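Colleague: Sharing target05.tsv here; it has TSV, C-alpha atoms.
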```
chain	number	residue	atom	x	y	z
H	1	MET	CA	7.22	51.72	-14.13
H	2	LYS	CA	6.83	55.26	-15.37
H	3	ILE	CA	6.73	56.57	-11.82
H	4	VAL	CA	9.92	54.69	-10.94
H	5	LEU	CA	11.66	56.10	-14.00
H	6	LEU	CA	10.49	59.60	-13.23
H	7	LEU	CA	11.59	59.39	-9.61
H	8	SER	CA	14.99	57.94	-10.50
H	9	LEU	CA	15.43	60.72	-13.05
H	10	LEU	CA	14.58	63.38	-10.49
H	11	PHE	CA	16.96	61.94	-7.90
H	12	THR	CA	19.89	61.50	-10.27
H	13	VAL	CA	19.88	64.92	-11.93
H	14	SER	CA	21.18	66.67	-8.83
H	15	CYS	CA	24.53	68.10	-9.82
H	16	THR	CA	27.13	70.79	-9.31
H	17	HIS	CA	27.81	73.52	-11.82
H	18	MET	CA	31.02	75.55	-11.79
H	19	ALA	CA	29.92	79.07	-12.61
H	20	SER	CA	33.32	80.78	-12.44
H	21	VAL	CA	36.87	80.41	-11.19
H	22	SER	CA	39.54	83.04	-10.65
H	23	GLN	CA	43.11	82.90	-9.39
H	24	THR	CA	45.46	85.67	-8.34
H	25	SER	CA	49.26	85.39	-8.66
H	26	ILE	CA	50.72	82.54	-6.62
H	27	PRO	CA	53.57	83.65	-4.32
H	28	ALA	CA	56.98	81.98	-4.36
H	29	LYS	CA	56.87	81.64	-0.59
H	30	LYS	CA	53.75	79.73	0.37
H	31	GLY	CA	52.54	80.05	3.93
H	32	LYS	CA	49.72	78.16	5.60
H	33	ILE	CA	46.57	77.64	3.59
H	34	VAL	CA	43.53	79.64	4.66
H	35	LYS	CA	40.10	78.82	3.33
H	36	THR	CA	36.60	80.13	3.76
H	37	GLU	CA	33.24	79.89	2.07
H	38	VAL	CA	29.88	81.61	1.98
H	39	GLU	CA	26.71	80.03	0.71
H	40	LYS	CA	23.05	80.66	0.22
H	41	ASN	CA	20.16	78.23	-0.07
H	42	ILE	CA	17.69	79.19	-2.75
H	43	ILE	CA	14.17	77.83	-2.78
H	44	PHE	CA	12.01	77.94	-5.93
H	45	LEU	CA	14.71	80.08	-7.62
H	46	PHE	CA	13.71	83.11	-5.53
H	47	ASN	CA	16.80	85.10	-4.64
H	48	PHE	CA	16.54	88.81	-3.99
H	49	SER	CA	20.01	89.68	-2.76
H	50	ASN	CA	23.63	88.64	-3.21
H	51	ASP	CA	24.89	90.49	-0.14
H	52	TYR	CA	26.02	87.23	1.46
H	53	VAL	CA	29.11	87.38	-0.80
H	54	ASP	CA	30.33	90.58	0.89
H	55	GLU	CA	31.40	88.84	4.08
H	56	ILE	CA	33.84	86.46	2.36
H	57	ASN	CA	36.66	89.00	2.43
H	58	ASP	CA	36.45	89.60	6.19
H	59	LYS	CA	36.15	85.87	6.88
H	60	LEU	CA	39.33	85.19	4.91
H	61	ALA	CA	41.19	88.17	6.38
H	62	SER	CA	40.35	87.09	9.94
H	63	GLN	CA	42.33	83.88	9.41
H	64	CYS	CA	45.50	85.81	8.60
H	65	GLU	CA	45.44	88.86	10.82
H	66	ASN	CA	49.17	89.63	10.75
H	67	GLY	CA	50.01	88.79	7.20
H	68	SER	CA	48.92	88.80	3.61
H	69	VAL	CA	46.64	86.38	1.85
H	70	GLN	CA	48.10	85.70	-1.57
H	71	GLY	CA	47.41	83.30	-4.42
H	72	VAL	CA	43.68	83.50	-3.83
H	73	LEU	CA	41.60	80.93	-5.69
H	74	THR	CA	37.90	81.82	-5.86
H	75	LYS	CA	35.32	79.25	-6.93
H	76	HIS	CA	31.68	80.01	-7.59
H	77	GLU	CA	29.53	76.89	-7.64
H	78	SER	CA	25.87	76.21	-8.01
H	79	ILE	CA	24.58	72.96	-6.51
H	80	THR	CA	21.20	71.65	-7.55
H	81	TYR	CA	19.72	69.37	-4.90
H	82	PHE	CA	16.27	69.16	-6.43
H	83	PRO	CA	15.52	70.85	-9.77
H	84	ILE	CA	13.70	74.18	-9.45
H	85	VAL	CA	12.73	73.44	-5.85
H	86	PHE	CA	16.03	73.70	-3.98
H	87	HIS	CA	19.54	74.67	-4.86
H	88	LYS	CA	22.54	76.27	-3.25
H	89	VAL	CA	25.08	78.84	-4.40
H	90	LYS	CA	28.50	78.50	-2.82
H	91	ILE	CA	31.55	80.78	-3.08
H	92	THR	CA	34.85	79.36	-1.84
H	93	ALA	CA	38.03	81.40	-1.41
H	94	GLU	CA	41.37	79.81	-0.63
H	95	GLY	CA	44.83	81.30	-0.41
H	96	TYR	CA	48.25	81.30	1.29
H	97	CYS	CA	48.79	83.30	4.45
H	98	ASN	CA	52.29	84.79	4.45
H	99	GLU	CA	53.29	86.42	7.72
U	1	MET	CA	-3.20	89.38	-5.04
U	2	LYS	CA	-0.99	91.68	-2.97
U	3	LEU	CA	1.53	88.88	-2.53
U	4	LEU	CA	1.58	88.24	-6.28
U	5	LEU	CA	2.11	91.92	-6.97
U	6	LEU	CA	4.91	92.04	-4.43
U	7	LEU	CA	6.61	89.07	-6.08
U	8	LEU	CA	6.31	90.62	-9.54
U	9	LEU	CA	7.75	93.94	-8.41
U	10	GLN	CA	10.73	92.33	-6.70
U	11	SER	CA	13.78	91.81	-8.83
U	12	CYS	CA	15.44	88.43	-8.82
U	13	ALA	CA	19.16	88.68	-8.12
U	14	PHE	CA	21.42	86.42	-10.16
U	15	LEU	CA	25.07	86.03	-9.27
U	16	HIS	CA	27.22	85.50	-12.35
U	17	HIS	CA	30.73	85.87	-11.04
U	18	ALA	CA	32.53	86.55	-7.77
U	19	GLN	CA	36.22	87.14	-7.32
U	20	VAL	CA	38.29	87.74	-4.20
U	21	GLY	CA	41.58	89.60	-4.49
U	22	GLU	CA	44.67	89.52	-2.33
U	23	ILE	CA	44.47	90.74	1.23
U	24	ARG	CA	47.28	92.71	2.86
U	25	HIS	CA	47.75	94.02	6.34
U	26	LYS	CA	50.12	96.87	7.04
U	27	LYS	CA	51.36	98.09	10.39
U	28	ASN	CA	50.22	101.56	11.40
U	29	HIS	CA	47.59	101.56	8.69
U	30	VAL	CA	43.81	101.46	8.96
U	31	ARG	CA	41.51	99.84	6.45
U	32	MET	CA	38.94	102.25	5.06
U	33	PRO	CA	36.13	100.41	3.27
U	34	PHE	CA	34.82	101.60	-0.09
U	35	GLU	CA	32.20	100.36	-2.50
U	36	LEU	CA	31.60	100.99	-6.18
U	37	LYS	CA	28.72	99.98	-8.35
U	38	VAL	CA	28.11	100.45	-12.05
U	39	SER	CA	25.17	99.13	-13.97
U	40	GLU	CA	23.67	99.11	-17.42
U	41	THR	CA	20.17	98.24	-18.57
U	42	GLY	CA	19.83	94.89	-20.28
U	43	ILE	CA	16.94	94.23	-22.65
U	44	ASP	CA	15.64	90.83	-23.68
U	45	MET	CA	14.15	91.40	-27.14
U	46	LYS	CA	12.50	87.97	-27.18
U	47	GLU	CA	10.64	88.73	-23.96
U	48	ALA	CA	9.74	92.17	-25.31
U	49	ALA	CA	8.36	90.58	-28.49
U	50	ASP	CA	6.35	88.08	-26.43
U	51	VAL	CA	4.87	90.91	-24.36
U	52	ALA	CA	4.11	92.94	-27.50
U	53	GLY	CA	2.47	89.89	-29.05
U	54	ALA	CA	0.34	89.27	-25.98
U	55	LEU	CA	-0.77	92.91	-25.86
U	56	SER	CA	-1.64	93.12	-29.55
U	57	ASN	CA	-3.88	90.03	-29.50
U	58	GLY	CA	-2.06	88.25	-32.33
U	59	ASN	CA	-2.42	90.85	-35.09
U	60	ASP	CA	0.32	92.03	-37.47
U	61	ALA	CA	2.14	93.91	-34.72
U	62	ALA	CA	2.88	90.63	-32.97
U	63	GLY	CA	4.50	89.21	-36.12
U	64	SER	CA	6.52	92.40	-36.64
U	65	ALA	CA	7.78	92.36	-33.06
U	66	GLN	CA	8.82	88.73	-33.41
U	67	SER	CA	10.65	89.46	-36.68
U	68	LEU	CA	12.44	92.42	-35.12
U	69	ALA	CA	13.50	90.28	-32.15
U	70	GLU	CA	14.87	87.63	-34.51
U	71	ILE	CA	16.86	90.21	-36.51
U	72	VAL	CA	18.32	91.75	-33.34
U	73	SER	CA	19.24	88.30	-31.98
U	74	MET	CA	21.43	87.71	-35.07
U	75	PHE	CA	23.74	90.45	-33.83
U	76	GLN	CA	23.87	89.15	-30.25
U	77	MET	CA	25.93	86.01	-30.54
U	78	GLY	CA	28.45	84.39	-28.27
U	79	PRO	CA	28.64	83.56	-24.59
U	80	ARG	CA	27.29	86.14	-22.20
U	81	THR	CA	26.08	86.69	-18.69
U	82	GLY	CA	22.71	88.33	-18.18
U	83	LYS	CA	20.55	90.06	-20.77
U	84	PRO	CA	22.07	91.88	-23.76
U	85	ILE	CA	23.14	95.48	-23.24
U	86	TYR	CA	23.69	98.22	-25.81
U	87	ASN	CA	26.65	99.99	-24.21
U	88	GLU	CA	29.55	97.64	-23.58
U	89	LYS	CA	31.80	100.43	-22.26
U	90	TYR	CA	29.94	101.01	-19.01
U	91	ALA	CA	32.53	99.02	-17.05
U	92	ASP	CA	35.58	100.83	-18.50
U	93	LYS	CA	35.46	103.59	-15.91
U	94	LEU	CA	35.84	101.19	-12.97
U	95	ALA	CA	39.63	101.32	-12.63
U	96	LYS	CA	39.58	105.12	-12.61
U	97	ALA	CA	36.73	105.13	-10.10
U	98	ILE	CA	38.69	102.86	-7.75
U	99	TYR	CA	41.63	105.26	-7.77
U	100	GLN	CA	39.28	108.15	-7.10
U	101	LYS	CA	38.06	106.31	-3.99
U	102	CYS	CA	41.63	105.49	-2.96
U	103	PRO	CA	44.08	108.01	-4.44
U	104	SER	CA	47.08	106.42	-2.71
U	105	GLY	CA	46.46	103.22	-4.67
U	106	ASP	CA	47.14	101.21	-1.51
U	107	ILE	CA	44.20	98.90	-2.03
U	108	THR	CA	43.51	95.55	-0.41
U	109	GLY	CA	40.77	92.95	-0.22
U	110	LEU	CA	39.00	93.71	-3.46
U	111	VAL	CA	35.87	91.65	-3.99
U	112	MET	CA	34.35	91.89	-7.45
U	113	ILE	CA	30.78	90.79	-7.98
U	114	ARG	CA	29.02	90.55	-11.33
U	115	GLU	CA	25.30	90.23	-10.77
U	116	MET	CA	22.00	90.85	-12.48
U	117	ALA	CA	18.81	92.31	-11.08
U	118	SER	CA	16.23	90.74	-13.35
U	119	TYR	CA	12.81	92.20	-14.09
U	120	PRO	CA	10.41	91.20	-16.86
U	121	VAL	CA	11.93	92.26	-20.23
U	122	VAL	CA	14.65	94.46	-18.68
U	123	SER	CA	17.45	93.88	-16.21
U	124	GLY	CA	20.12	95.73	-14.33
U	125	GLU	CA	23.51	94.37	-15.33
U	126	ILE	CA	25.56	95.25	-12.27
U	127	ILE	CA	29.23	95.19	-11.41
U	128	LYS	CA	29.93	95.78	-7.74
U	129	ILE	CA	33.38	96.23	-6.24
U	130	LYS	CA	34.10	96.30	-2.54
U	131	GLY	CA	37.49	96.83	-1.05
U	132	TYR	CA	39.65	98.59	1.49
U	133	CYS	CA	41.95	101.54	1.13
U	134	LEU	CA	44.95	101.38	3.46
U	135	GLN	CA	45.57	104.72	5.12
U	136	LYS	CA	48.29	105.67	7.54
U	137	LYS	CA	47.18	106.13	11.09
U	138	THR	CA	47.38	109.75	12.10
U	139	LYS	CA	48.62	110.63	15.56
U	140	ARG	CA	46.07	112.51	17.58
U	141	LYS	CA	47.40	115.52	19.38
U	142	ASN	CA	45.58	116.45	22.51
U	143	LYS	CA	45.67	120.17	22.73
U	144	ARG	CA	45.39	121.43	26.23
U	145	LYS	CA	43.40	124.50	26.74
U	146	SER	CA	45.59	127.13	28.28
```
Kindly present the structure from the file in structure tokens form.
Modeller:
Amino acid sequence: MKIVLLLSLLFTVSCTHMASVSQTSIPAKKGKIVKTEVEKNIIFLFNFSNDYVDEINDKLASQCENGSVQGVLTKHESITYFPIVFHKVKITAEGYCNE
Amino acid sequence: MKLLLLLLLQSCAFLHHAQVGEIRHKKNHVRMPFELKVSETGIDMKEAADVAGALSNGNDAAGSAQSLAEIVSMFQMGPRTGKPIYNEKYADKLAKAIYQKCPSGDITGLVMIREMASYPVVSGEIIKIKGYCLQKKTKRKNKRKS
């Protein structure tokens, strides 16, 4: 019984944490929505670099090559799949492409 | 042993906040990338007291270190990211530094990252900014040798 309880506890504690959110000014004229994300899997809490975040700008810009991306919403989430053992950090950026 | 030493010497990188700014494209302009980084040393007094206690083998020094850590912690209230720092103005120069990198002020694609490089007891409380400075394309003149 104890083992069942322990296992059910371990499998149900997986959850998502919202670390931070930011929003730039939303334009009056809203173009098509562009969205991108970068993520990193972290095992045993060992993470030695956050350089994966750097590419998010270029990935978003490439979806709106002849215009401006405005009203950018940035979300920084942490998803725990299995406590201590495995979790993921995800950054999502979404905005309006005005050409 | 070598692997353990390597792991202890490596700093763990914690991401606290990431923010993407607006992205603009301008005709006849090129995007010149720039990067800025400022950091301040964070100190965890509780960890320091624990280390001091472990090194002093439980004598009076351990108790004093613990008391000092408790007194300091009374002045470090409220929400925070990373370990406490003792100079909160280290980030104030960022706006000026951005304009030094891009005097025209024509800036696009700013990505702001707040991260921490964590070591035992101390940490590097880092703010990193990456962006592009839009600069007008200059026409190249091919001078013919006469």
Colleague: Please return, as a list of chain:residue names, all residues of chain H lying within 6 Å of chain U when all atoms listed in the file are considered.
Modeller: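 Every residue meeting the condition is included here: H:Ser20, H:Asn47, H:Phe48, H:Ser49, H:Gly67, H:Ser68, H:Val69, H:Gln70, H:Thr74.
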Colleague: Please compute the atom CA of Phe86 of chain H-atom CA of Val4 of chain H distance, one decimal, in Å.
Modeller: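 Spanning atom CA of Phe86 of chain H to atom CA of Val4 of chain H is a straight-line distance of 21.1 Å.
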Colleague: Tell me, in Å to one decimal, how far atom CA of Gly124 of chain U is from atom CA of Tyr90 of chain U.
Modeller: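 Pair atom CA of Gly124 of chain U / atom CA of Tyr90 of chain U returns 12.1 Å.
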Colleague: Within 12 Å of Glu77 of chain H, counting all atoms listed in the file, which residues qualify if same-chain residues fewer than 2 places away don't, as a PyMOL selection string?
Modeller: (chain H and resi 15-21+37-40+74-75+79-80+87-93) or (chain U and resi 15-18)
Colleague: With C-alpha atoms retained, write the just-selected residues as a PDB file, keeping the file's coordinate frame.
Modeller:
```pdb
ATOM      1  CA  CYS H  15      24.530  68.100  -9.820  1.00  0.00           C
ATOM      2  CA  THR H  16      27.130  70.790  -9.310  1.00  0.00           C
ATOM      3  CA  HIS H  17      27.810  73.520 -11.820  1.00  0.00           C
ATOM      4  CA  MET H  18      31.020  75.550 -11.790  1.00  0.00           C
ATOM      5  CA  ALA H  19      29.920  79.070 -12.610  1.00  0.00           C
ATOM      6  CA  SER H  20      33.320  80.780 -12.440  1.00  0.00           C
ATOM      7  CA  VAL H  21      36.870  80.410 -11.190  1.00  0.00           C
ATOM      8  CA  GLU H  37      33.240  79.890   2.070  1.00  0.00           C
ATOM      9  CA  VAL H  38      29.880  81.610   1.980  1.00  0.00           C
ATOM     10  CA  GLU H  39      26.710  80.030   0.710  1.00  0.00           C
ATOM     11  CA  LYS H  40      23.050  80.660   0.220  1.00  0.00           C
ATOM     12  CA  THR H  74      37.900  81.820  -5.860  1.00  0.00           C
ATOM     13  CA  LYS H  75      35.320  79.250  -6.930  1.00  0.00           C
ATOM     14  CA  ILE H  79      24.580  72.960  -6.510  1.00  0.00           C
ATOM     15  CA  THR H  80      21.200  71.650  -7.550  1.00  0.00           C
ATOM     16  CA  HIS H  87      19.540  74.670  -4.860  1.00  0.00           C
ATOM     17  CA  LYS H  88      22.540  76.270  -3.250  1.00  0.00           C
ATOM     18  CA  VAL H  89      25.080  78.840  -4.400  1.00  0.00           C
ATOM     19  CA  LYS H  90      28.500  78.500  -2.820  1.00  0.00           C
ATOM     20  CA  ILE H  91      31.550  80.780  -3.080  1.00  0.00           C
ATOM     21  CA  THR H  92      34.850  79.360  -1.840  1.00  0.00           C
ATOM     22  CA  ALA H  93      38.030  81.400  -1.410  1.00  0.00           C
TER      23      ALA H  93
ATOM     24  CA  LEU U  15      25.070  86.030  -9.270  1.00  0.00           C
ATOM     25  CA  HIS U  16      27.220  85.500 -12.350  1.00  0.00           C
ATOM     26  CA  HIS U  17      30.730  85.870 -11.040  1.00  0.00           C
ATOM     27  CA  ALA U  18      32.530  86.550  -7.770  1.00  0.00           C
TER      28      ALA U  18
END
```
Colleague: Please provide the set of residues having any atom within 6 Å of Glu94 of chain H, restricted to only C-alpha atoms, with same-chain residues fewer than 4 positions apart removed, written as a VMD selection string.
Modeller: chain H and resid 34 to 35 72 to 73
Colleague: Give me the residues near Pro120 of chain U as an MDAnalysis selection string, where near means some atom within 9 Å (using only C-alpha atoms) and where sequence neighbours in that chain fewer than 6 positions away do not count.
Modeller: chainID U and resid 8 11 44 47:48
Colleague: Kindly give the distance, in Å, that separates atom CA of Ser78 of chain H and atom CA of Leu7 of chain H, rounded to a single decimal.
Modeller: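 Those two atoms sit 22.1 Å apart.
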Colleague: Considering all atoms listed in the file, return as a VMD selection string whatever protein or nucleic-acid residues lie within 9 Å of Ala91 of chain U, sequence-local ones (same chain, fewer than 4 positions apart) excluded.
Modeller: chain U and resid 38 to 40 95 127
Colleague: I'd like the box whose edges run along x, y and z of the file and which contains every listed atom of segment 1-9 of chain H, padded by 5 Å per side; could you state its centre and edge lengths in Å, one decimal, as lines of an AutoDock Vina configuration file?
Modeller:
```
center_x = 11.1
center_y = 56.2
center_z = -12.5
size_x = 18.7
size_y = 19.0
size_z = 15.8
```
Colleague: Within 9 Å of Ala65 of chain U, counting all atoms listed in the file, which residues qualify if same-chain residues fewer than 2 places away don't, as a PyMOL selection string?
Modeller: chain U and resi 45-46+48-50+52-53+60-63+67-70
